[in-house]
Amino acid sequence: MDKWDIRFMELTEQVGTWASCLRRKVGAIVVKDNRVMTTGYNGAPAGIQSCIERGKCLRIEKNIESGTHAELCYAAHAEQNAIIQAAKYGVNIGGATLYCTHQPCVICAKMIINAGIERVVYKEGYPDEFSMELFREAGTKVEKFEE
C-alpha cells in the first residue's frame, strides 16, 4: 500500500462514522486520479427513518445473520450510496478505485462492476465469498488493506 492508499483509507474510516446504522459503521469513497469523487456510508434513503432515529435495528430484531438477506435492512450500503451519489451528480467513476471499510457484499459487487470501478481496497472482511468470485471473473482488482 502506498501513502495515498493510507490517506484514502483514513478518510474512508472517517466517512464510516457518519453511518446511521446501529449494527455496523461502514464508509466508502470513490477515488479517481488521486481525487475523491464521491463518498458513501450505510444509512437509510432520503425521507426514510434510520435505525438510529427508530431506536432499533430490524436485522437485530429479526436475528438476521450477517452476510444474508441484505434486502431486509433500512440502510443502503456505503458502496451503493457512493455509486448513487456519482449517478445523481453526473460524476464519471469509470476506472476509479473504491475504498471501503468492509469487503463489499455481492449486491455491491455487481454495482461496482457495472459502474466500471477497476479497483477495490477494503479493510475488514465480510462473509460473502460469492462477491469475490464475481470480482475475479470481471477482472476487478481487489486488495485487502494492510498498513
# chains A, B, ... in the order shown; residues from 1 in each chain; ligands from 1
$ residues_around --residues "Ala78 (chain A)" --least-positions-apart "4" --cutoff "7 Å" --atoms "only C-alpha atoms" --output "list of chain:residue names"
A:Val26, A:Gly27, A:Ala28, A:Gly40, A:Tyr41, A:Asn42, A:Ala82
$ write_last_selection --atoms "C-alpha atoms" --output "PDB file, in the first residue's frame"
ATOM      1  CA  VAL A  26     -19.277   1.348   7.010  1.00  0.00           C
ATOM      2  CA  GLY A  27     -17.706   4.047   4.887  1.00  0.00           C
ATOM      3  CA  ALA A  28     -16.790   4.140   1.206  1.00  0.00           C
ATOM      4  CA  GLY A  40     -20.955   6.998   0.948  1.00  0.00           C
ATOM      5  CA  TYR A  41     -21.874   5.491   4.287  1.00  0.00           C
ATOM      6  CA  ASN A  42     -24.513   2.978   5.275  1.00  0.00           C
ATOM      7  CA  ALA A  82     -21.200   6.318  -3.158  1.00  0.00           C
TER       8      ALA A  82
END
$ residues_around --residues "Arg136 (chain A)" --least-positions-apart "6" --cutoff "12 Å" --atoms "only C-alpha atoms" --output "list of chain:residue names"
A:Ala109, A:Lys110, A:Ile113, A:Glu118, A:Arg119, A:Val120, A:Glu129, A:Phe130, A:Val142, A:Glu143
$ residues_around --residues "His77 (chain A)" --least-positions-apart "4" --cutoff "12 Å" --atoms "only C-alpha atoms" --output "MDAnalysis selection string"
chainID A and resid 16 19:21 24:28 39:45 70:73 81:84 100:109 111:112
$ residues_around --residues "region 61-67 of chain A" --least-positions-apart "5" --cutoff "8 Å" --atoms "only C-alpha atoms" --output "PyMOL selection string"
chain A and resi 56+105+126-128
$ write_last_selection --atoms "N, CA, C and O atoms" --output "tab-separated table (two decimals), in the first residue's frame"
chain	number	residue	atom	x	y	z
A	56	LYS	N	-33.95	1.28	16.95
A	56	LYS	CA	-33.90	-0.18	16.85
A	56	LYS	C	-33.41	-0.59	15.47
A	56	LYS	O	-33.51	0.16	14.50
A	105	CYS	N	-20.42	-6.70	-0.31
A	105	CYS	CA	-21.31	-7.84	-0.46
A	105	CYS	C	-21.55	-8.08	-1.95
A	105	CYS	O	-21.12	-7.29	-2.80
A	126	TYR	N	-15.80	-9.74	5.18
A	126	TYR	CA	-17.26	-9.85	5.23
A	126	TYR	C	-17.61	-11.24	4.72
A	126	TYR	O	-16.99	-11.71	3.75
A	127	PRO	N	-18.55	-11.93	5.32
A	127	PRO	CA	-18.82	-13.32	4.94
A	127	PRO	C	-19.59	-13.46	3.62
A	127	PRO	O	-20.76	-13.83	3.61
A	128	ASP	N	-18.94	-13.13	2.51
A	128	ASP	CA	-19.59	-13.24	1.21
A	128	ASP	C	-18.56	-13.59	0.14
A	128	ASP	O	-18.01	-12.73	-0.53
$ residues_around --residues "Asn34 (chain A)" --least-positions-apart "3" --cutoff "9 Å" --atoms "only C-alpha atoms" --output "ChimeraX atom specification"
/A:4,8,31
$ write_last_selection --atoms "all heavy atoms" --output "PDB file, in the first residue's frame"
ATOM      1  N   TRP A   4      -1.010   7.138  -0.601  1.00  0.00           N
ATOM      2  CA  TRP A   4      -2.359   7.531  -0.999  1.00  0.00           C
ATOM      3  C   TRP A   4      -3.389   6.536  -0.480  1.00  0.00           C
ATOM      4  O   TRP A   4      -4.460   6.924  -0.013  1.00  0.00           O
ATOM      5  CB  TRP A   4      -2.456   7.696  -2.513  1.00  0.00           C
ATOM      6  CG  TRP A   4      -1.746   8.904  -3.004  1.00  0.00           C
ATOM      7  CD1 TRP A   4      -0.550   8.946  -3.676  1.00  0.00           C
ATOM      8  CD2 TRP A   4      -2.155  10.262  -2.837  1.00  0.00           C
ATOM      9  NE1 TRP A   4      -0.204  10.246  -3.930  1.00  0.00           N
ATOM     10  CE2 TRP A   4      -1.173  11.080  -3.436  1.00  0.00           C
ATOM     11  CE3 TRP A   4      -3.252  10.872  -2.239  1.00  0.00           C
ATOM     12  CZ2 TRP A   4      -1.258  12.467  -3.448  1.00  0.00           C
ATOM     13  CZ3 TRP A   4      -3.341  12.258  -2.253  1.00  0.00           C
ATOM     14  CH2 TRP A   4      -2.351  13.042  -2.854  1.00  0.00           C
ATOM     15  N   PHE A   8      -6.432   7.621   1.884  1.00  0.00           N
ATOM     16  CA  PHE A   8      -7.818   7.398   1.477  1.00  0.00           C
ATOM     17  C   PHE A   8      -8.542   6.434   2.414  1.00  0.00           C
ATOM     18  O   PHE A   8      -9.737   6.601   2.669  1.00  0.00           O
ATOM     19  CB  PHE A   8      -7.893   6.948   0.022  1.00  0.00           C
ATOM     20  CG  PHE A   8      -7.515   8.033  -0.953  1.00  0.00           C
ATOM     21  CD1 PHE A   8      -6.641   7.773  -1.991  1.00  0.00           C
ATOM     22  CD2 PHE A   8      -8.033   9.318  -0.834  1.00  0.00           C
ATOM     23  CE1 PHE A   8      -6.283   8.776  -2.893  1.00  0.00           C
ATOM     24  CE2 PHE A   8      -7.682  10.326  -1.725  1.00  0.00           C
ATOM     25  CZ  PHE A   8      -6.814  10.053  -2.758  1.00  0.00           C
ATOM     26  N   VAL A  31     -12.400   7.143  -5.656  1.00  0.00           N
ATOM     27  CA  VAL A  31     -11.252   7.995  -5.963  1.00  0.00           C
ATOM     28  C   VAL A  31     -10.816   7.759  -7.400  1.00  0.00           C
ATOM     29  O   VAL A  31     -10.741   6.618  -7.851  1.00  0.00           O
ATOM     30  CB  VAL A  31     -10.082   7.677  -4.996  1.00  0.00           C
ATOM     31  CG1 VAL A  31      -8.825   8.427  -5.392  1.00  0.00           C
ATOM     32  CG2 VAL A  31     -10.477   7.977  -3.561  1.00  0.00           C
TER      33      VAL A  31
END
$ select_by_dssp --residues "region 18-97 of chain A" --states "alpha helix (DSSP H)" --output "ChimeraX atom specification"
/A:51-54,58-61,78-89
$ residues_around --residues "Phe145 (chain A)" --least-positions-apart "4" --cutoff "9 Å" --atoms "only C-alpha atoms" --output "list in words"
Met1, Asp5, Ile6, Met9, Val121, Tyr122, Lys123 and Glu124 of chain A
$ write_last_selection --atoms "N, CA, C and O atoms" --output "short mmCIF file (atom, residue, chain, number, x, y, z; two decimals), in the first residue's frame"
data_model
loop_
_atom_site.label_atom_id
_atom_site.label_comp_id
_atom_site.auth_asym_id
_atom_site.auth_seq_id
_atom_site.Cartn_x
_atom_site.Cartn_y
_atom_site.Cartn_z
N MET A 1 0.85 -1.18 0.00
CA MET A 1 0.00 0.00 0.00
C MET A 1 0.89 1.24 0.00
O MET A 1 1.88 1.30 0.71
N ASP A 5 -3.07 5.25 -0.55
CA ASP A 5 -3.99 4.24 -0.02
C ASP A 5 -4.21 4.47 1.47
O ASP A 5 -5.34 4.37 1.96
N ILE A 6 -3.16 4.77 2.19
CA ILE A 6 -3.28 5.03 3.63
C ILE A 6 -4.16 6.25 3.88
O ILE A 6 -5.08 6.22 4.70
N MET A 9 -7.83 5.45 2.96
CA MET A 9 -8.48 4.55 3.92
C MET A 9 -8.78 5.30 5.21
O MET A 9 -9.84 5.08 5.82
N VAL A 121 -10.37 -1.50 -2.59
CA VAL A 121 -9.48 -1.69 -1.44
C VAL A 121 -10.38 -1.69 -0.20
O VAL A 121 -11.12 -0.73 0.02
N TYR A 122 -10.33 -2.77 0.57
CA TYR A 122 -11.17 -2.87 1.76
C TYR A 122 -10.31 -3.24 2.97
O TYR A 122 -9.23 -3.80 2.83
N LYS A 123 -10.83 -2.94 4.16
CA LYS A 123 -10.06 -3.19 5.38
C LYS A 123 -10.53 -4.44 6.12
O LYS A 123 -9.75 -5.30 6.46
N GLU A 124 -11.81 -4.54 6.38
CA GLU A 124 -12.37 -5.65 7.15
C GLU A 124 -13.04 -6.66 6.23
O GLU A 124 -13.67 -6.28 5.25
#
$ closest_residue --among "A:Ile60, A:Ala75, A:Met37, A:Met132" --to "Ala87 (chain A)" --atoms "only C-alpha atoms"
A:Met37
